[in-house]
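Everything below concerns the one structure shown next.
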Number of protein chains: 2
Amino acid sequence: MTAPAAKSRPRVVVVGGGFAGLNAVKALKRSPVDVILIDRRNFHLFQPLLYQVATGGLSPANIAAPLRWIFSRQQNCEVMLAEVVGFDLDLKRVHTTQGDVPYDYLIVAAGSRHSYFGRDDWAQFAPGLKTIEDATDIRRRVYSAFEQAETESDPAVRRALLNFAIVGGGPTGVELAGALAEIARHSLKHDFRQIDPAEASITLVEAGNRVLGSFPEDLSKKALATLHNLGVHVRTGTMVTAIDQNGIEMKSTLGAEHWPTKTVLWAAGVKASPLGKALASACTAAIDRAGRLIVEKDFSLAGRPDVFVLGDMSSYSHQGGKPLPGVAQPAIQEGRFVAKLITARLRGKQDPTFHYKDLGNLATIGRSAAVADIKGVHFSGFLAWWLWLLVHLMHIANFRNRLLVLTQWAWNYCTHDRSARLITGDVPSDDDLAALQNLAIPTKPAITPAPTK
Amino acid sequence: MTAPAAKSRPRVVVVGGGFAGLNAVKALKRSPVDVILIDRRNFHLFQPLLYQVATGGLSPANIAAPLRWIFSRQQNCEVMLAEVVGFDLDLKRVHTTQGDVPYDYLIVAAGSRHSYFGRDDWAQFAPGLKTIEDATDIRRRVYSAFEQAETESDPAVRRALLNFAIVGGGPTGVELAGALAEIARHSLKHDFRQIDPAEASITLVEAGNRVLGSFPEDLSKKALATLHNLGVHVRTGTMVTAIDQNGIEMKSTLGAEHWPTKTVLWAAGVKASPLGKALASACTAAIDRAGRLIVEKDFSLAGRPDVFVLGDMSSYSHQGGKPLPGVAQPAIQEGRFVAKLITARLRGKQDPTFHYKDLGNLATIGRSAAVADIKGVHFSGFLAWWLWLLVHLMHIANFRNRLLVLTQWAWNYCTHDRSARLITGDVPSDDDLAALQNLAIPTKPAITPAPTK
């Protein structure tokens, strides 16, 4: 916008304002650099609580913090709202929809999307959960299913409307299943007159032989028992072979099976942002099957010591052999590490070494239940659930949101209420309405609801 | 859905869960009737605070309460999520997308939409504020304008991006103008590096000769002075003659003028729901220019004593000559009155008479300022603002939301923050992204942002 100015300090360009990018920028606060943070959204999203937006417990803004607000007082950081479309690593430029941005150091942390393992046609029937829009879409589908069941006269269709399937038994799948069970059994208890929401049936399908496969086995068993208590049908060792508007096909050693349902949620697989491919094609870096870039010990790309790839987009196997998991903790630590590395280089100091500190693993399963694995100590139930609440509350980026989330959790806990259960985004326009009026015939036969109970 | 049951009690069908419908259903709680409340949304919306969602101060769910939740314990009420498409007043049936619903008494209170006075082509450039989706759309436009200004290199375009126009000087227009001024001067103060948000220019255009035309003249003057202090340009006696993507054309006694702006908000006119026309065509009732049905002294339609039209859809001139204003108070009182009337008739008692109690008029203008006209007592400034806060807080349908709104108001007041300022709903999909990558050329010339201030 302004004329190219005399370049005073090295510029670090950070692509993506998730956990990795956010923490890299923060940690560069006192470094002798200018930082440009590029994101296509104007907010940082606290993804671990996204499932609570999808199930109507929290509002989108409660788990999002405007990036400009976060960095308003960090004078060496400039936020740019733009879509990155490619890289020129030789000329050291990032191509964006707002023009080219030159860099001295580049940090790419654009996260992941859900992956349908080559079956992208399933996306329309089985939405995944990565963005605010995904969450409000799932919220709409879940609550609309109960609404449609209330007025549906065909018992088979009504049954399918009250059946829910979740594909993927990782933390997100387990959390969604627990929340759906809560909704059906408690939140909607007194709300309907023709259906009993408690008749809803929730199936969790997992291809592996246990849920929460990244947790120790005893905690998987605890989680399974909790899910059973909540009335969730868990199918481990079961592959989904087809999904359409009428339900899902599953296959296990017991044979094939069809589960009629109108609502399928996808929590099964992720793949790196398409920017991974764009980066790989701009250099010689290798990508793995999930589209993640294989990075060096300092998270740089092979032969590109000034380009770093972090978080869900990178595959880092230099510690313990297994790649670091795609969750918040590694991303946060990676962001901070690379900031430290860049600062050390600029100050002529020795490169630091990355050591991943595994702070533990937490997953919640509905109300008052969770499993925790903290440095080898396993626990579950109410205590784990309190720990889960505390850790998540502490990590929300913004004090205001911490307050709002706490208020709503306390309220939801005491009342079973989920008042953020708005069905939004699919309202017919007045034009649609006019068209319907011109038809002037009911689209379904007349109904006469029974007298209220 | 269930087989037609023996009809036990007269059925009241209420169309619309706004202030009128909601209060009618509530007041029918102890009446010997079955109530079916039909709405196309699953929530009641507290419209007086919708402008705060549009300006990023509150989240949508904070001002919405699920209808089923509101009536979960009212055993004689059934909520039906459906779109009403027409009426057969002779057969006493409501046509809906979910089938026909027979009634004994019908209450229609489907509210209003914004009206462009025959210039519907303006809608795309100047969104109105009636629904949650309108509010998040306006929020996206307002905050995107600042974002685009930040990276815009053409000074004229940047100027137009920082210009905002609000058409209509009623309470909504004044509230929007005040909130926009707040955003530009305070909320975004430290957020940008290339632009100064305080350079934003806000113009409020009103065709009448004063703002807040429904208030006493001295309060209009107070409001005008407050708007001036906030830096809002107020153009009274000015007609808008054209709106397009480059700005608005205005005409006053001083001549014609073009105001270049990329963001126009419409707060000028409303018209009744298209269901008004559908009702009128089903009987012989007259409608006025705004599409409102002329109703009898008891809010029934001429010759249809069992059909009542309430709130923004009706024109009631039997008290004081002027039709009752299209705000919450008359709607609430009308709903309660008609419930009482139906109950009286069923119990063989004499019809009650409607007396509108004017509880006063309130409007807020930005931070710490408001005007109030309470039974002829006029006041303004801080005291009126406190009254405004109190009255609105008290009327929110749900204790949880009261708590959340209060928390956020307190926070926003102390920090000038507006953290619900998410830009949502316009994210390019991965397919779009892939297309952009295939182009592999920047869509704008390279930019080199200046070093940060």
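We name chains A, B, ... following the order of the structure tokens; residues begin at 1 in each chain, and ligands are numbered from 1 as shown.
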For stretch 190-203 of chain A, work out the shell of residues within 7 Å, counting only C-alpha atoms and skipping chain neighbours fewer than 6 positions away, then give it as a PyMOL selection string. (chain A and resi 150+162-166+177+184+232-234+452-453) or (chain B and resi 68-69+72-73+78)
Restrict the selected residues to N, CA and C atoms and save them as a PDB file, in the first residue's frame.
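selection-v4.pdb, freshly written:
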ATOM      1  N   GLU A 150     -39.940 -34.931  14.384  1.00  0.00           N
ATOM      2  CA  GLU A 150     -41.165 -34.515  15.084  1.00  0.00           C
ATOM      3  C   GLU A 150     -42.379 -34.483  14.144  1.00  0.00           C
ATOM      4  N   LEU A 162     -33.718 -40.189  13.678  1.00  0.00           N
ATOM      5  CA  LEU A 162     -33.275 -40.246  15.073  1.00  0.00           C
ATOM      6  C   LEU A 162     -32.014 -41.093  15.242  1.00  0.00           C
ATOM      7  N   ASN A 163     -31.512 -41.646  14.119  1.00  0.00           N
ATOM      8  CA  ASN A 163     -30.232 -42.357  14.171  1.00  0.00           C
ATOM      9  C   ASN A 163     -29.096 -41.402  13.804  1.00  0.00           C
ATOM     10  N   PHE A 164     -28.024 -41.471  14.548  1.00  0.00           N
ATOM     11  CA  PHE A 164     -26.863 -40.638  14.263  1.00  0.00           C
ATOM     12  C   PHE A 164     -25.639 -41.539  14.159  1.00  0.00           C
ATOM     13  N   ALA A 165     -24.762 -41.241  13.198  1.00  0.00           N
ATOM     14  CA  ALA A 165     -23.533 -42.014  13.077  1.00  0.00           C
ATOM     15  C   ALA A 165     -22.350 -41.063  13.134  1.00  0.00           C
ATOM     16  N   ILE A 166     -21.328 -41.477  13.851  1.00  0.00           N
ATOM     17  CA  ILE A 166     -20.090 -40.715  13.898  1.00  0.00           C
ATOM     18  C   ILE A 166     -18.981 -41.633  13.415  1.00  0.00           C
ATOM     19  N   ALA A 177     -19.818 -37.933  20.172  1.00  0.00           N
ATOM     20  CA  ALA A 177     -20.766 -38.982  20.568  1.00  0.00           C
ATOM     21  C   ALA A 177     -21.306 -38.710  21.970  1.00  0.00           C
ATOM     22  N   ALA A 184     -29.668 -35.818  23.401  1.00  0.00           N
ATOM     23  CA  ALA A 184     -30.851 -36.660  23.225  1.00  0.00           C
ATOM     24  C   ALA A 184     -31.484 -36.998  24.573  1.00  0.00           C
ATOM     25  N   VAL A 232     -24.259 -45.108  23.781  1.00  0.00           N
ATOM     26  CA  VAL A 232     -23.668 -45.021  22.443  1.00  0.00           C
ATOM     27  C   VAL A 232     -23.255 -46.422  21.982  1.00  0.00           C
ATOM     28  N   HIS A 233     -23.639 -46.781  20.766  1.00  0.00           N
ATOM     29  CA  HIS A 233     -23.210 -48.060  20.194  1.00  0.00           C
ATOM     30  C   HIS A 233     -21.837 -47.876  19.587  1.00  0.00           C
ATOM     31  N   VAL A 234     -20.852 -48.569  20.084  1.00  0.00           N
ATOM     32  CA  VAL A 234     -19.492 -48.415  19.569  1.00  0.00           C
ATOM     33  C   VAL A 234     -19.147 -49.633  18.719  1.00  0.00           C
ATOM     34  N   THR A 452     -51.793 -32.635  22.980  1.00  0.00           N
ATOM     35  CA  THR A 452     -50.540 -32.702  23.732  1.00  0.00           C
ATOM     36  C   THR A 452     -50.687 -33.641  24.911  1.00  0.00           C
ATOM     37  N   LYS A 453     -49.536 -34.195  25.264  1.00  0.00           N
ATOM     38  CA  LYS A 453     -49.502 -35.165  26.368  1.00  0.00           C
ATOM     39  C   LYS A 453     -49.978 -34.529  27.670  1.00  0.00           C
TER      40      LYS A 453
ATOM     41  N   ARG B  68     -38.547 -24.220  21.574  1.00  0.00           N
ATOM     42  CA  ARG B  68     -38.896 -25.445  22.303  1.00  0.00           C
ATOM     43  C   ARG B  68     -38.465 -25.354  23.760  1.00  0.00           C
ATOM     44  N   TRP B  69     -37.345 -24.712  23.976  1.00  0.00           N
ATOM     45  CA  TRP B  69     -36.872 -24.552  25.350  1.00  0.00           C
ATOM     46  C   TRP B  69     -37.838 -23.667  26.139  1.00  0.00           C
ATOM     47  N   SER B  72     -40.965 -25.746  26.781  1.00  0.00           N
ATOM     48  CA  SER B  72     -40.803 -27.172  27.103  1.00  0.00           C
ATOM     49  C   SER B  72     -41.731 -27.599  28.241  1.00  0.00           C
ATOM     50  N   ARG B  73     -42.015 -26.674  29.166  1.00  0.00           N
ATOM     51  CA  ARG B  73     -42.841 -27.060  30.315  1.00  0.00           C
ATOM     52  C   ARG B  73     -44.294 -26.638  30.165  1.00  0.00           C
ATOM     53  N   GLU B  78     -47.500 -26.912  21.580  1.00  0.00           N
ATOM     54  CA  GLU B  78     -46.655 -27.724  20.719  1.00  0.00           C
ATOM     55  C   GLU B  78     -45.983 -26.780  19.724  1.00  0.00           C
TER      56      GLU B  78
END
Could you please write out, as number ranges by chain, every residue of stretch 104-293 of chain A that DSSP assigns to strand (DSSP E)? A: 105-108, 112-114, 163-167, 201-205, 232-235, 239-244, 247-252, 255-260, 263-266, 270-272, 293
Backbone-only DSSP, helix (DSSP H, G or I) members of stretch 239-399 of chain B, as a count of residues only: 45
Please provide the set of residues having any atom within 9 Å of A:Arg41, restricted to only C-alpha atoms, with same-chain residues fewer than 5 positions apart removed, written as a PyMOL selection string. (chain A and resi 16-17+66-67+81-83) or (chain B and resi 422-424+427)
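Here the question is which of B:Val35, B:Val174, B:Gly21, B:Leu28 gets nearest to B:Asp312 using only C-alpha atoms, and that residue is B:Gly21.
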Select, from B:Ala225, B:Arg30, B:His378, B:Ala24, the residue with the minimum atom-to-atom distance to B:Leu310, counting only C-alpha atoms.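 Smallest distance to B:Leu310 is found for B:Ala24.
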